[in-house]
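Coordinates from my_file-v2.txt are shown below (compact mmCIF, C-alpha atoms).
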```
# COMPACT_ATOMS: atom_id res chain seq x y z
CA MET A 1 110.27 43.26 91.69
CA GLU A 2 109.86 44.45 95.27
CA ALA A 3 110.08 42.25 98.32
CA ASP A 4 107.03 40.03 98.76
CA GLY A 5 105.95 41.89 101.87
CA ASP A 6 105.66 45.14 99.88
CA ILE A 7 103.47 43.75 97.11
CA ALA A 8 99.75 44.45 97.18
CA ARG A 9 97.54 41.43 97.63
CA ALA A 10 95.43 42.37 94.55
CA CYS A 11 96.20 44.13 91.30
CA LEU A 12 93.88 45.85 88.84
CA LEU A 13 95.05 45.46 85.24
CA THR A 14 93.35 47.89 82.86
CA MET A 15 93.42 47.02 79.16
CA CYS A 16 93.70 49.88 76.67
CA GLY A 17 93.63 50.16 72.89
CA LEU A 18 91.48 50.47 69.79
CA PRO A 19 88.93 47.84 68.72
CA GLY A 20 90.61 45.14 66.69
CA ALA A 21 93.93 45.39 68.52
CA GLY A 22 93.41 41.98 70.13
CA LYS A 23 92.97 43.23 73.70
CA SER A 24 90.31 40.72 74.73
CA THR A 25 92.23 37.79 73.24
CA LEU A 26 95.39 38.93 75.00
CA ALA A 27 93.50 39.59 78.26
CA ARG A 28 92.18 36.02 78.29
CA ALA A 29 95.65 34.67 77.53
CA VAL A 30 97.25 36.73 80.31
CA ALA A 31 94.51 35.57 82.69
CA ALA A 32 95.27 31.92 81.92
CA ARG A 33 99.02 32.54 82.33
CA ALA A 34 98.50 34.25 85.69
CA GLU A 35 96.31 31.38 86.88
CA SER A 36 99.13 28.98 86.05
CA ASP A 37 101.17 30.88 88.67
CA GLY A 38 98.48 30.18 91.27
CA ILE A 39 96.90 33.62 91.05
CA ARG A 40 93.14 33.96 91.26
CA VAL A 41 91.90 35.90 88.23
CA SER A 42 88.63 37.72 87.52
CA LEU A 43 88.10 39.22 84.06
CA VAL A 44 85.42 41.90 83.66
CA SER A 45 84.53 42.50 80.00
CA PHE A 46 82.85 45.88 79.56
CA ASP A 47 81.71 44.85 76.07
CA ASP A 48 80.01 41.73 77.45
CA VAL A 49 78.14 43.82 80.02
CA GLU A 50 77.05 46.29 77.33
CA ARG A 51 75.91 43.49 75.00
CA ARG A 52 73.90 41.89 77.78
CA LEU A 53 72.21 45.16 78.73
CA ALA A 54 71.48 45.92 75.06
CA SER A 55 69.95 42.45 74.65
CA GLU A 56 67.82 42.88 77.77
CA LYS A 57 66.68 46.28 76.53
CA SER A 58 65.79 44.82 73.14
CA GLU A 59 63.85 41.95 74.72
CA ALA A 60 61.96 44.34 77.00
CA SER A 61 61.15 46.52 74.00
CA ALA A 62 59.90 43.48 72.07
CA SER A 63 57.68 42.40 74.94
CA ARG A 64 56.06 45.85 74.90
CA GLY A 65 55.74 45.79 71.13
CA ASP A 66 58.01 48.82 70.70
CA ASP A 67 59.63 48.80 67.24
CA ALA A 68 59.48 45.01 67.22
CA GLY A 69 62.24 44.99 69.79
CA GLY A 70 64.86 46.05 67.27
CA PRO A 71 68.23 47.44 68.42
CA THR A 72 68.61 51.16 69.00
CA PRO A 73 70.19 52.68 65.86
CA GLY A 74 73.54 54.41 66.31
CA PHE A 75 75.23 54.93 69.64
CA ASP A 76 72.99 54.06 72.61
CA ALA A 77 74.20 56.49 75.27
CA ALA A 78 72.01 55.14 78.07
CA THR A 79 73.11 51.53 77.59
CA TRP A 80 76.78 52.51 77.21
CA LYS A 81 76.71 54.51 80.44
CA ALA A 82 74.78 51.84 82.37
CA ALA A 83 77.24 49.18 81.21
CA ARG A 84 80.26 51.18 82.32
CA VAL A 85 78.74 51.93 85.72
CA GLU A 86 77.91 48.25 86.26
CA ALA A 87 81.32 47.08 85.08
CA LEU A 88 83.20 49.60 87.24
CA VAL A 89 81.09 48.68 90.27
CA THR A 90 81.88 45.00 89.63
CA VAL A 91 85.60 45.73 89.41
CA GLU A 92 85.51 47.69 92.66
CA ARG A 93 83.48 45.00 94.43
CA LEU A 94 86.03 42.34 93.44
CA LEU A 95 88.92 44.49 94.65
CA LEU A 96 87.23 45.40 97.92
CA CYS A 97 86.53 41.72 98.60
CA GLU A 98 90.27 41.10 98.35
CA ALA A 99 90.97 44.05 100.65
CA GLU A 100 88.52 42.68 103.24
CA ALA A 101 90.08 39.21 103.01
CA GLU A 102 93.51 40.74 103.54
CA ASN A 103 92.28 42.53 106.68
CA VAL A 104 90.98 39.23 108.02
CA ASP A 105 94.35 37.59 107.42
CA GLU A 106 96.21 40.39 109.18
CA ASP A 107 93.79 40.67 112.11
CA GLY A 108 94.01 36.94 112.62
CA GLY A 109 97.67 37.26 113.46
CA GLY A 110 98.71 34.63 110.96
CA GLU A 111 101.25 34.98 108.18
CA LYS A 112 99.74 36.48 105.04
CA ASP A 113 99.25 33.86 102.33
CA HIS A 114 100.79 35.45 99.23
CA ARG A 115 99.70 32.52 97.12
CA ARG A 116 96.18 33.90 97.37
CA ARG A 117 96.96 37.02 95.36
CA ALA A 118 94.26 38.11 92.95
CA LEU A 119 94.37 39.78 89.55
CA ILE A 120 91.30 41.67 88.32
CA ILE A 121 91.37 42.53 84.62
CA ALA A 122 89.20 45.37 83.29
CA ASP A 123 88.82 44.64 79.59
CA ASP A 124 87.72 47.68 77.59
CA ASN A 125 89.09 50.20 75.09
CA PHE A 126 89.58 52.90 77.76
CA TYR A 127 90.37 55.40 75.01
CA TYR A 128 90.05 58.42 77.33
CA ALA A 129 92.67 58.93 80.02
CA GLY A 130 89.83 59.93 82.35
CA MET A 131 88.31 56.47 81.96
CA ARG A 132 91.58 54.86 83.01
CA GLN A 133 91.88 57.35 85.85
CA GLN A 134 88.56 56.11 87.22
CA CYS A 135 90.08 52.62 87.40
CA HIS A 136 93.16 53.97 89.18
CA ARG A 137 90.93 55.63 91.78
CA VAL A 138 89.12 52.33 92.33
CA ALA A 139 92.46 50.56 92.85
CA ARG A 140 93.59 53.19 95.36
CA ARG A 141 90.40 52.92 97.38
CA ALA A 142 90.84 49.14 97.57
CA ARG A 143 94.58 49.39 98.38
CA ALA A 144 95.34 47.37 95.24
CA ALA A 145 98.22 47.69 92.82
CA TYR A 146 97.49 49.22 89.44
CA ALA A 147 98.82 48.37 85.98
CA GLN A 148 97.83 49.15 82.39
CA LEU A 149 98.31 47.00 79.30
CA PHE A 150 98.24 49.22 76.20
CA VAL A 151 97.95 47.28 72.94
CA SER A 152 98.95 49.77 70.25
CA ILE A 153 97.80 49.44 66.65
CA SER A 154 97.51 51.67 63.59
CA VAL A 155 94.04 52.88 62.68
CA ALA A 156 94.26 51.19 59.27
CA GLN A 157 95.20 47.86 60.82
CA ALA A 158 92.48 48.25 63.46
CA HIS A 159 89.89 48.69 60.70
CA LYS A 160 91.23 45.65 58.85
CA ARG A 161 91.13 43.41 61.91
CA ASN A 162 87.79 44.77 63.06
CA GLU A 163 86.16 44.00 59.71
CA SER A 164 87.42 40.40 59.84
CA ARG A 165 85.68 39.74 63.17
CA ASP A 166 82.49 37.80 63.64
CA LYS A 167 79.65 40.08 62.52
CA ASN A 168 78.30 40.31 66.08
CA ASP A 169 81.64 41.69 67.29
CA VAL A 170 82.29 44.21 64.51
CA VAL A 171 82.42 47.80 65.76
CA PRO A 172 80.73 50.24 63.33
CA ARG A 173 83.31 52.03 61.22
CA ASP A 174 82.14 55.46 62.39
CA ALA A 175 82.46 54.40 66.02
CA LEU A 176 85.99 53.09 65.51
CA GLU A 177 86.96 56.30 63.72
CA ARG A 178 85.48 58.32 66.58
CA MET A 179 87.46 56.34 69.15
CA ALA A 180 90.63 56.70 67.11
CA ASP A 181 90.16 60.47 66.95
CA GLN A 182 89.39 60.69 70.66
CA PHE A 183 92.08 58.24 71.75
CA GLU A 184 94.45 59.46 74.47
CA PRO A 185 97.29 56.92 74.68
CA PRO A 186 98.93 56.33 78.06
CA ALA A 187 101.14 59.32 78.80
CA ALA A 188 104.06 57.80 80.68
CA GLU A 189 106.33 59.24 77.99
CA VAL A 190 105.58 62.85 78.97
CA TYR A 191 107.70 62.49 82.11
CA ARG A 192 111.37 63.27 82.37
CA ASP A 193 113.85 60.53 83.01
CA ASP A 194 115.43 60.24 86.45
CA ASP A 195 118.52 62.05 85.17
CA GLY A 196 116.40 65.03 84.19
CA GLU A 197 116.68 64.50 80.44
CA ALA A 198 113.55 65.40 78.53
CA GLY A 199 111.61 62.67 76.79
CA ALA A 200 110.44 62.68 73.20
CA GLU A 201 107.30 64.62 74.13
CA ASP A 202 108.83 67.18 76.46
CA ASP A 203 106.61 69.88 74.94
CA ALA A 204 103.57 68.29 76.59
CA SER A 205 101.90 70.70 78.97
CA GLU A 206 102.36 70.59 82.71
CA ASN A 207 98.60 70.20 82.96
CA VAL A 208 98.75 66.92 81.09
CA ARG A 209 101.63 65.80 83.30
CA ALA A 210 99.59 66.56 86.42
CA VAL A 211 96.28 65.07 85.36
CA ARG A 212 97.78 61.89 83.96
CA ALA A 213 100.44 61.29 86.58
CA PHE A 214 98.69 58.08 87.65
CA GLU A 215 99.98 56.41 84.46
CA ARG A 216 103.61 56.93 85.33
CA ASP A 217 105.44 53.62 85.71
CA ALA A 218 102.14 51.71 85.43
CA THR A 219 101.95 51.05 81.70
CA VAL A 220 103.10 48.05 79.65
CA THR A 221 102.94 48.81 75.92
CA VAL A 222 102.67 46.03 73.36
CA ALA A 223 102.48 46.45 69.57
CA ALA A 224 99.59 44.40 68.21
CA GLU A 225 101.48 43.76 64.96
CA ARG A 226 104.29 42.08 66.91
CA LEU A 227 102.08 39.67 68.81
CA GLY A 228 101.71 36.19 67.38
CA PHE A 229 97.95 35.65 67.13
CA THR A 230 96.81 32.11 66.30
CA PRO A 231 93.36 30.51 65.95
CA ALA A 232 93.82 29.31 69.53
CA GLY A 233 94.75 32.74 70.91
CA VAL A 234 98.18 34.32 71.34
CA ASN A 235 101.59 32.69 70.95
CA ALA A 236 102.59 31.27 74.35
CA SER A 237 106.02 32.92 74.36
CA ASP A 238 104.48 36.34 73.65
CA VAL A 239 101.93 35.83 76.44
CA ASN A 240 104.68 34.84 78.85
CA ASP A 241 106.69 37.95 77.97
CA VAL A 242 103.66 40.21 78.44
CA TRP A 243 102.74 38.57 81.74
CA LEU A 244 106.25 38.97 83.13
CA ARG A 245 106.20 42.65 82.21
CA VAL A 246 102.79 43.12 83.82
CA ARG A 247 103.94 41.32 86.95
CA GLU A 248 106.80 43.80 87.27
CA LYS A 249 104.17 46.53 87.63
CA TRP A 250 102.41 44.62 90.41
CA THR A 251 104.08 46.32 93.35
CA ARG A 252 102.74 48.43 96.19
CA PRO A 253 99.13 49.61 96.40
CA ALA A 254 98.34 52.39 93.96
CA THR A 255 99.00 55.86 95.31
CA LEU A 256 99.62 59.47 94.33
CA VAL A 257 102.50 59.76 96.78
CA GLY A 258 105.48 61.38 95.13
CA LEU A 259 103.59 64.08 93.24
CA SER A 260 104.56 67.63 94.08
CA SER A 261 102.04 69.86 95.83
CA GLU A 262 101.82 71.88 92.60
CA ALA A 263 100.97 68.77 90.59
CA LEU A 264 98.34 67.71 93.09
CA GLU A 265 96.79 71.17 92.97
CA ASP A 266 96.72 71.02 89.17
CA ARG A 267 95.09 67.63 89.46
CA ARG A 268 92.36 68.99 91.72
CA ARG A 269 91.90 72.10 89.58
CA LEU A 270 91.69 70.29 86.27
CA GLY A 271 90.22 66.83 86.65
CA SER A 272 87.28 65.77 84.52
CA ALA A 273 86.06 69.35 84.03
CA ALA A 274 89.17 70.24 82.02
CA ASN A 275 88.98 66.92 80.20
CA ALA A 276 85.40 67.78 79.20
CA ALA A 277 86.38 71.23 77.90
CA SER A 278 89.27 69.72 75.97
CA ALA A 279 86.98 67.04 74.53
CA ALA A 280 84.51 69.70 73.34
CA HIS A 281 87.31 71.59 71.60
CA ALA A 282 88.55 68.37 69.99
CA LEU A 283 85.01 67.62 68.82
CA ASP A 284 84.86 71.00 67.08
CA THR A 285 88.08 70.27 65.20
CA ARG A 286 87.17 66.67 64.48
CA SER A 287 83.64 67.45 63.22
CA ARG A 288 85.00 70.05 60.79
CA ARG A 289 87.25 67.37 59.36
CA VAL A 290 84.42 64.82 59.28
CA LEU A 291 82.14 67.20 57.38
CA SER A 292 84.86 68.17 54.93
CA SER A 293 85.71 64.52 54.30
CA ALA A 294 82.02 63.61 53.88
CA MET A 295 81.51 66.38 51.32
CA ALA A 296 84.60 65.31 49.37
CA SER A 297 83.49 61.66 49.43
CA ALA A 298 80.00 62.61 48.25
CA ALA A 299 81.46 64.61 45.37
CA ALA A 300 83.71 61.69 44.38
CA ASN A 301 80.67 59.39 44.34
CA ASP A 302 78.65 61.80 42.15
CA ALA A 303 76.16 62.43 44.95
CA PHE A 304 75.86 66.03 43.75
CA ALA A 305 75.15 65.15 40.12
CA GLY A 306 72.33 67.33 38.83
CA MET A 307 72.40 69.55 41.93
CA THR A 308 72.70 73.30 41.42
CA LYS A 309 75.52 75.21 43.04
CA GLN A 310 73.02 76.98 45.26
CA ALA A 311 71.44 73.69 46.37
CA ARG A 312 74.85 72.25 47.12
CA GLY A 313 75.76 75.33 49.15
CA ALA A 314 72.49 75.11 51.06
CA LEU A 315 73.15 71.45 51.84
CA SER A 316 76.66 72.23 53.07
CA GLY A 317 75.30 75.11 55.15
CA ALA A 318 72.61 72.94 56.72
CA LEU A 319 75.15 70.31 57.73
CA ASN A 320 77.50 72.94 59.11
CA ASP A 321 74.63 74.44 61.13
CA ALA A 322 73.95 70.96 62.54
CA ARG A 323 77.64 70.61 63.31
CA ARG A 324 77.77 73.93 65.16
CA GLU A 325 74.61 73.07 67.09
CA MET A 326 76.23 69.78 68.15
CA VAL A 327 79.47 71.46 69.26
CA ASP A 328 77.60 74.20 71.14
CA ALA A 329 75.52 71.59 72.97
CA VAL A 330 78.65 69.66 73.96
CA ARG A 331 80.34 72.85 75.15
CA ALA A 332 77.29 73.62 77.28
CA ALA A 333 77.45 70.09 78.66
CA ALA A 334 81.15 70.61 79.43
CA LYS A 335 80.33 73.73 81.44
CA ALA A 336 77.59 71.86 83.28
CA ASN A 337 80.07 69.06 83.97
CA ALA A 338 82.53 71.57 85.40
CA ALA A 339 79.83 73.10 87.61
CA ALA A 340 78.81 69.66 88.84
CA LYS A 341 82.45 68.84 89.57
CA ILE A 342 82.81 71.98 91.68
CA GLN A 343 79.60 71.21 93.57
CA ILE A 344 80.69 67.62 94.23
CA LYS A 345 84.08 68.74 95.52
CA THR A 346 82.51 71.44 97.71
CA THR A 347 80.08 68.94 99.20
CA ALA A 348 82.88 66.46 99.79
CA ARG A 349 85.03 69.10 101.53
CA ASP A 350 82.08 70.20 103.68
CA GLY A 351 81.57 66.57 104.68
CA GLU A 352 85.22 66.25 105.62
CA ASP A 353 85.02 69.43 107.73
CA ASP A 354 81.97 68.04 109.55
CA LEU A 355 83.80 64.82 110.30
CA ARG A 356 86.88 66.65 111.53
CA GLU A 357 84.82 68.85 113.81
CA GLY A 358 83.27 65.71 115.27
CA ASP A 359 86.64 63.92 115.54
CA GLY A 360 85.37 61.40 113.00
CA ASP A 361 87.39 59.41 110.53
CA VAL A 362 87.74 60.91 107.07
CA GLY A 363 87.82 58.22 104.44
CA GLY A 364 86.11 56.72 101.45
CA ALA A 365 85.26 58.78 98.41
CA SER A 366 85.11 62.08 100.28
CA GLY A 367 88.68 61.66 101.44
CA ASP A 368 89.95 60.95 97.92
CA GLU A 369 92.01 63.83 96.56
CA ASP A 370 90.33 63.31 93.20
CA GLY A 371 86.93 63.80 94.78
CA ASP A 372 85.69 60.70 93.00
CA ASP A 373 82.39 59.24 94.14
CA ALA A 374 79.32 57.86 92.37
CA ASP A 375 78.02 61.34 91.44
CA ASP A 376 81.40 62.41 90.10
CA ARG A 377 81.78 59.20 88.09
CA ASP A 378 78.27 59.47 86.69
CA ALA A 379 78.80 63.09 85.66
CA GLU A 380 81.90 62.12 83.70
CA LEU A 381 80.22 59.16 82.02
CA GLU A 382 77.08 61.18 81.24
CA PHE A 383 79.17 63.79 79.44
CA VAL A 384 81.09 61.26 77.33
CA ALA A 385 77.93 59.28 76.53
CA GLU A 386 76.04 62.38 75.41
CA MET A 387 78.97 63.63 73.30
CA ASN A 388 79.34 60.26 71.56
CA ALA A 389 75.60 60.02 70.95
CA ARG A 390 75.51 63.47 69.35
CA GLU A 391 78.54 62.72 67.20
CA SER A 392 76.99 59.43 66.09
CA ARG A 393 73.78 61.21 65.10
CA PHE A 394 75.77 63.85 63.19
CA ALA A 395 77.63 61.15 61.25
CA ALA A 396 74.32 59.50 60.39
CA LEU A 397 72.90 62.85 59.27
CA CYS A 398 75.90 63.39 56.98
CA ARG A 399 75.41 59.97 55.43
CA GLU A 400 71.71 60.58 54.92
CA MET A 401 71.96 64.06 53.46
CA LEU A 402 74.98 63.30 51.29
CA SER A 403 73.65 60.00 49.96
CA GLY A 404 72.33 61.71 46.84
CA GLU A 405 68.75 61.04 47.86
CA ARG A 406 68.16 64.38 49.56
CA GLY A 407 68.83 68.03 48.80
CA ARG A 408 68.21 67.83 45.05
```

Rewrite the coordinates I just gave you, this time as structure tokens.
Amino acid sequence: MEADGDIARACLLTMCGLPGAGKSTLARAVAARAESDGIRVSLVSFDDVERRLASEKSEASASRGDDAGGPTPGFDAATWKAARVEALVTVERLLLCEAEAENVDEDGGGEKDHRRRALIIADDNFYYAGMRQQCHRVARRARAAYAQLFVSISVAQAHKRNESRDKNDVVPRDALERMADQFEPPAAEVYRDDDGEAGAEDDASENVRAVRAFERDATVTVAAERLGFTPAGVNASDVNDVWLRVREKWTRPATLVGLSSEALEDRRRLGSAANAASAAHALDTRSRRVLSSAMASAAANDAFAGMTKQARGALSGALNDARREMVDAVRAAAKANAAAKIQIKTTARDGEDDLREGDGDVGGASGDEDGDDADDRDAELEFVAEMNARESRFAALCREMLSGERGR
């Protein structure tokens, strides 16, 4: 732990892990433990925001008489994106309030009251590294410390726990599978040790090292299977251990200082545009596997009974055409995302040049080396939302066409 004077007044703790891992239960337990140390805690649940927006949308639909106000089937991209924007804005507002309060303390000439430290917890799956990177950017802008709590769990165990939840909290099996396939665990392990020895994943690319450098030394990893969950929450001794480990990460304000110029250049060059291209490629691979698995499952369940070989081939071809159309659309969206990223960065740099020419102060989003502002954030979220929506529709199409009720 660093000297008290070096510790940021506020810390953003980002939860990370698959549904069913126990993140929300652990987040609430850590919040209560932090409060017992006199720390002011705010917990922002992304799921709660999404549920509220979905409910409001359903009520509005019912009042108009649209589909009796029923929920949108499958993945609702618009609600998901709106919820993430609102939740991220809430997190940033809470952090900036702490930054403003700190400025008041310092300008007043009095001794800073470290007992008034604040912990803001962002409770979500954050299965993409880019999602966590958005949180890190928010912490940097607010001069807050940054930490991540990764609750690891096997996919099989995640399914088991998810299915035992209250029915209103159960994540659809397809959605959990999608998140598991897309999941990018915190990459602190891709870095070399201080003595220069390579870690277990030394074959990871330099690009990954550059883009995900923000996770270095910020992540606390906990195995869900080793936590003592009780009807009342989490075993107190386990919570205490987790909290002490998180508190060790609460140091100076988040920064990118220490990265080489080459790493920073890679970071600027890659960013969300490369993440989007990589996601599109992963979708291609994943959807091939999904289709193959769906066909095998349909065959095992006699869904093709009585179907001619030609009809079966036509059905497989139609689904593969739909799969290719989905992947092509996502690739096109990835290119559009990259173009938008370039435009945003160009505009930001032009704004900085204008300020410099006028001897103005360069700051805020335009001065961020990630080029992150509302447009940049929205472009990233729009891409992920659209990709997930298309994949959800493809999974539904597979179920429908391979149910044995069509294609005969």

Correct to one decimal, the distance CA of Pro185 (chain A)-CA of Ala158 (chain A) is 15.0 Å

- Query: Between A:Gly317, A:Gly228, A:Pro172, A:Gly306, which one has atoms that come closest to Cys398 (chain A), using all atoms listed in the file?
  - Reply: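 Ranked by minimum distance to Cys398 (chain A), first place goes to A:Gly317.
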
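Taking CA of Leu119 (chain A) as the reference point, CA of Ile39 (chain A) is found at 6.8 Å.
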
re CA of Lys57 (chain A) and CA of Glu86 (chain A): distance 15.0 Å

Report as a ChimeraX atom specification all protein, DNA and RNA residues lying within 12 Å of Ser392 (chain A), evaluated on all atoms listed in the file, omitting residues in the same chain fewer than 4 positions from it.
/A:73-77,172-179,283,287,290,323,326,385-388,396-399

_Could you check the closest approach to Gln157 (chain A) for each of A:Glu225, A:Glu35, A:Glu56, A:Asp375 and tell me which residue wins, using only C-alpha atoms?_
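So, comparing all the options, the nearest one is A:Glu225.
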
Could you tell me which of A:Arg9, A:Arg393, A:Arg312, A:Arg252 comes closest to Ala118 (chain A) if we count only C-alpha atoms?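 Among A:Arg9, A:Arg393, A:Arg312, A:Arg252, it is A:Arg9 that comes nearest to Ala118 (chain A).
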
Next item on the list: For Thr221 (chain A), work out the shell of residues within 10 Å, counting only C-alpha atoms and skipping chain neighbours fewer than 4 positions away, then give it as JSON, numbers by chain.
Entry: {"A": [16, 17, 148, 149, 150, 151, 152, 185, 186, 242, 245, 246]}

Of A:Leu256, A:Ala27, A:Leu18, A:Arg40, the one sitting nearest Ile153 (chain A) when using only C-alpha atoms is A:Leu18

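Between Gln134 (chain A) and the residues A:Leu291, A:Leu12, A:Ala236, A:Leu94, the shortest atom-to-atom distance, using all atoms listed in the file, involves A:Leu12.
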
Spatial neighbours of Arg116 (chain A), 12 Å, only C-alpha atoms, chain gap at least 6 places, as a PDB file with C-alpha atoms, in the coordinates of the input:
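What landed in result32.pdb:
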```
ATOM      1  CA  ALA A   8      99.750  44.450  97.180  1.00  0.00           C
ATOM      2  CA  ARG A   9      97.540  41.430  97.630  1.00  0.00           C
ATOM      3  CA  ALA A  10      95.430  42.370  94.550  1.00  0.00           C
ATOM      4  CA  CYS A  11      96.200  44.130  91.300  1.00  0.00           C
ATOM      5  CA  ALA A  34      98.500  34.250  85.690  1.00  0.00           C
ATOM      6  CA  GLU A  35      96.310  31.380  86.880  1.00  0.00           C
ATOM      7  CA  ASP A  37     101.170  30.880  88.670  1.00  0.00           C
ATOM      8  CA  GLY A  38      98.480  30.180  91.270  1.00  0.00           C
ATOM      9  CA  ILE A  39      96.900  33.620  91.050  1.00  0.00           C
ATOM     10  CA  ARG A  40      93.140  33.960  91.260  1.00  0.00           C
ATOM     11  CA  VAL A  41      91.900  35.900  88.230  1.00  0.00           C
ATOM     12  CA  GLU A  98      90.270  41.100  98.350  1.00  0.00           C
ATOM     13  CA  ALA A  99      90.970  44.050 100.650  1.00  0.00           C
ATOM     14  CA  ALA A 101      90.080  39.210 103.010  1.00  0.00           C
ATOM     15  CA  GLU A 102      93.510  40.740 103.540  1.00  0.00           C
ATOM     16  CA  ASP A 105      94.350  37.590 107.420  1.00  0.00           C
TER      17      ASP A 105
END
```

message: Just checking: using only C-alpha atoms, which residue out of A:Glu248, A:Asp181, A:Asp123, A:Asp376 ends up closest to Gly22 (chain A)?
response: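 Comparing A:Glu248, A:Asp181, A:Asp123, A:Asp376 against Gly22 (chain A), the winner is A:Asp123.
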
Find the residues around Arg143 (chain A) up to 7 Å (all atoms listed in the file counted), leave out those fewer than 3 positions away in its own chain, and share them as a list in words. Ala99, Ala139, Arg140, Pro253 and Ala254 of chain A
